[in-house]
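Novice: Submitted below is the structure of interest, expressed as structure tokens.
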Amino acid sequence: MELRLEKIQKSFGAKTVLKDCTFTFEKGKIYGLLGRNGAGKTTLFNCLSDEIQPDFGEAFLSTGEDEKRTLFPDDVGYVLSVPILPDFLTGEEFVRFFMDINQDKISKDLTMEECFDIVQIAPEDRKRLIKGYSHGMKNKIQMICFMIAKPPVILLDEPLTSFDVVVALEMKQLLRSMKKDHVIIFSTHILQLATDLCDEIVVLSEGHLSLLDHEMLKSKDFEEQIIELLKDEESHG
Ligand SMILES: Nc1ncnc2c1ncn2[C@@H]1O[C@H](COP(=O)(O)OP(=O)(O)OP(=O)(O)O)[C@@H](O)[C@H]1O
């Protein structure tokens, strides 16, 4: 399975943010999306998750050589930097509800307890209102939703940045364990995280996407090279 972006363009008024985003993301890999402030990372994610409509271009899912279909909103699991969840439910109530409405997608042997165990939310926390959850715990609930609904594409907009080291490590392990079934793309400003977690690094610069060479990833002056690559572009934030 591949996620193919073909010529995606988006402007806000006179400002062109995405000029021509053409790229193929493969299942089984974690992609780090790097770009300066205002480069258009969130705009691209919003186009893919149907939050906004691109002016031109389209995203497709392809399952074989000649088989491709339009990417639908249900195909995309989007983790916002600030997760939106029903505050008035407990973690358990919400996950039970989510399992009920996704009966057709969930594998029969996955129980609610297992979901909570995998993301390491303690039994006593499962019965607390989501309202009192930390940012990291809310992100974990979102990851449970992805385990249940299994969207082929998972987008994470600057996750892990606000997590403590333990939660960040747990989330990294979780993403690695989930990657074989999904295309995972996450935007980050933390180069260390990108090189540590990602199989590929994609740069969004001047409205275009480009893949970084693996040789560059391995080189010891990787950080200097990335900064050099991005610094010619103005910050648009
Ligand atoms: N709804 C909107 N209306 C007008 N301009 C917008 C809108 N959304 C984004 N922009 C502009 O588009 C550009 C790209 O913004 P975007 O948030 O996609 O960048 P980003 O790469 O995610 O930045 P950051 O790394 O700072 O989060 C910015 O100049 C922003 O001001």
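In the structure tokens, chains take letters A, B, ... by order of appearance, with residues numbered from 1 within each chain and ligands from 1 in the order shown.
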Near segment 120-134 of chain A, counting only C-alpha atoms, which residues have an atom at most 10 Å away, once you skip same-chain residues fewer than 3 positions from it, shown as a PyMOL selection string?

Specialist: chain A and resi 85-95+113-117+137-141+163+167+170-171

Novice: Could you list, as a PDB file with C-alpha atoms, in the first residue's frame, every residue within 12 Å of Ile226 of chain A, counting only C-alpha atoms and ignoring same-chain residues fewer than 2 positions away?

Specialist:
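Final output, result_13.pdb:
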```pdb
ATOM      1  CA  LEU A  34      10.896  18.594   8.270  1.00  0.00           C
ATOM      2  CA  GLY A  35      10.398  22.197   7.277  1.00  0.00           C
ATOM      3  CA  ARG A  36      10.838  25.651   8.691  1.00  0.00           C
ATOM      4  CA  HIS A 189      11.425  20.352  14.494  1.00  0.00           C
ATOM      5  CA  ILE A 190      13.570  17.985  16.509  1.00  0.00           C
ATOM      6  CA  LEU A 191      16.267  16.647  14.214  1.00  0.00           C
ATOM      7  CA  GLN A 192      17.436  14.109  16.749  1.00  0.00           C
ATOM      8  CA  ALA A 194      13.636  12.532  13.163  1.00  0.00           C
ATOM      9  CA  THR A 195      16.902  10.661  12.678  1.00  0.00           C
ATOM     10  CA  ILE A 201      13.114  12.092   6.101  1.00  0.00           C
ATOM     11  CA  VAL A 202      11.118  14.296   3.785  1.00  0.00           C
ATOM     12  CA  VAL A 203      11.749  18.006   3.550  1.00  0.00           C
ATOM     13  CA  LEU A 204       9.009  20.509   2.758  1.00  0.00           C
ATOM     14  CA  SER A 205      10.687  23.559   1.334  1.00  0.00           C
ATOM     15  CA  LEU A 211      13.343  12.910   0.102  1.00  0.00           C
ATOM     16  CA  LEU A 212      16.638  13.163   1.908  1.00  0.00           C
ATOM     17  CA  ASP A 213      19.397  10.910   0.751  1.00  0.00           C
ATOM     18  CA  MET A 216      23.124  12.279   4.236  1.00  0.00           C
ATOM     19  CA  LEU A 217      21.182  10.738   7.131  1.00  0.00           C
ATOM     20  CA  SER A 219      26.721  11.443   7.767  1.00  0.00           C
ATOM     21  CA  LYS A 220      28.049  12.930  10.975  1.00  0.00           C
ATOM     22  CA  ASP A 221      27.453  16.507   9.865  1.00  0.00           C
ATOM     23  CA  PHE A 222      23.797  15.726   9.089  1.00  0.00           C
ATOM     24  CA  GLU A 223      22.515  18.559  11.268  1.00  0.00           C
ATOM     25  CA  GLU A 224      24.740  21.148   9.577  1.00  0.00           C
ATOM     26  CA  GLU A 228      22.239  24.621   5.302  1.00  0.00           C
ATOM     27  CA  LEU A 229      19.451  23.176   3.144  1.00  0.00           C
ATOM     28  CA  LEU A 230      16.679  24.970   4.992  1.00  0.00           C
ATOM     29  CA  LYS A 231      18.307  28.248   5.850  1.00  0.00           C
ATOM     30  CA  ASP A 232      18.095  29.745   2.372  1.00  0.00           C
ATOM     31  CA  GLU A 233      14.360  29.586   2.668  1.00  0.00           C
TER      32      GLU A 233
END
```

Novice: Kindly provide, as a PyMOL selection string, all nucleotide and amino acid residues lying within 9 Å of ligand 1, counting only C-alpha atoms and all ligand atoms.

Specialist: chain A and resi 10-13+15-18+34-46+52+157-158+187-189+204+235-237

Novice: Quick one: residues within 12 Å of Val166 of chain A, only C-alpha atoms counted, chain neighbours fewer than 6 positions away excluded, as a PyMOL selection string?

Specialist: chain A and resi 119-120+136-137+160+172-173

Novice: Give me, as number ranges by chain, all polymer residues having an atom no more than 10 Å from Phe146 of chain A, counting only C-alpha atoms and skipping those fewer than 6 positions away in the same chain.

Specialist: A: 76-79, 140, 152-154, 178, 182

Novice: Nearest to Arg69 of chain A: which of A:Glu2, A:Leu156, A:Gln142, A:Gln225 is it, counting only C-alpha atoms?

Specialist: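 The shortest atom-to-atom distance to Arg69 of chain A comes from A:Glu2.
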
Novice: Which of segment 93-232 of chain A counts as strand (DSSP E or B) under DSSP, as a list in words please?

Specialist: Leu129, Val153, Ile154, Leu155, Leu156, Asp157, Val183, Ile184, Ile185, Phe186, Ser187, Glu200, Ile201, Val202, Val203, Leu204, Ser205, His208, Leu209, Ser210 and Leu211 of chain A

Novice: Atom CA of Ile84 of chain A and atom CA of Cys198 of chain A are how many Å apart?

Specialist: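 Those two atoms sit 25.5 Å apart.
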
Novice: Here is a test: counting only C-alpha atoms, which residue of A:Val82, A:Leu71, A:Ala59, A:Cys145 is nearest to Asp100 of chain A?

Specialist: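 The answer is A:Cys145, which sits nearest to Asp100 of chain A.
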
Novice: Excluding same-chain residues fewer than 3 positions from Thr70 of chain A, what lies within 10 Å of it counting only C-alpha atoms, as a PyMOL selection string?

Specialist: chain A and resi 3-4+58-62+73+75

Novice: From the set A:Phe97, A:Gly207, A:Phe186, A:Glu200, which residue has the shortest atom-to-atom contact distance to Leu33 of chain A, counting only C-alpha atoms?

Specialist: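 Closest to Leu33 of chain A of all the choices is A:Phe186.
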
Novice: Write down as a count of residues only the residues belonging to segment 58-142 of chain A that are assigned helix (DSSP H, G or I) by DSSP computed on the backbone.

Specialist: 37

Novice: Could you state the separation of atom CA of Leu48 of chain A and atom CA of Arg176 of chain A in Å, given to one decimal place?

Specialist: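 Result for atom CA of Leu48 of chain A versus atom CA of Arg176 of chain A: 22.0 Å, one decimal.
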
Novice: Give me, please, the distance in Å between atom CA of Ser177 of chain A and atom CA of Glu6 of chain A, quoted to one decimal.

Specialist: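 Distance reported for this atom pair: 28.7 Å.
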
Novice: Let me make sure I understand: among A:Ile30, A:Leu155, A:Leu5, A:Met112, which one has the smallest atom-to-atom distance to Phe56 of chain A if we use only C-alpha atoms?

Specialist: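 Closest residue, counting only C-alpha atoms: A:Leu5.
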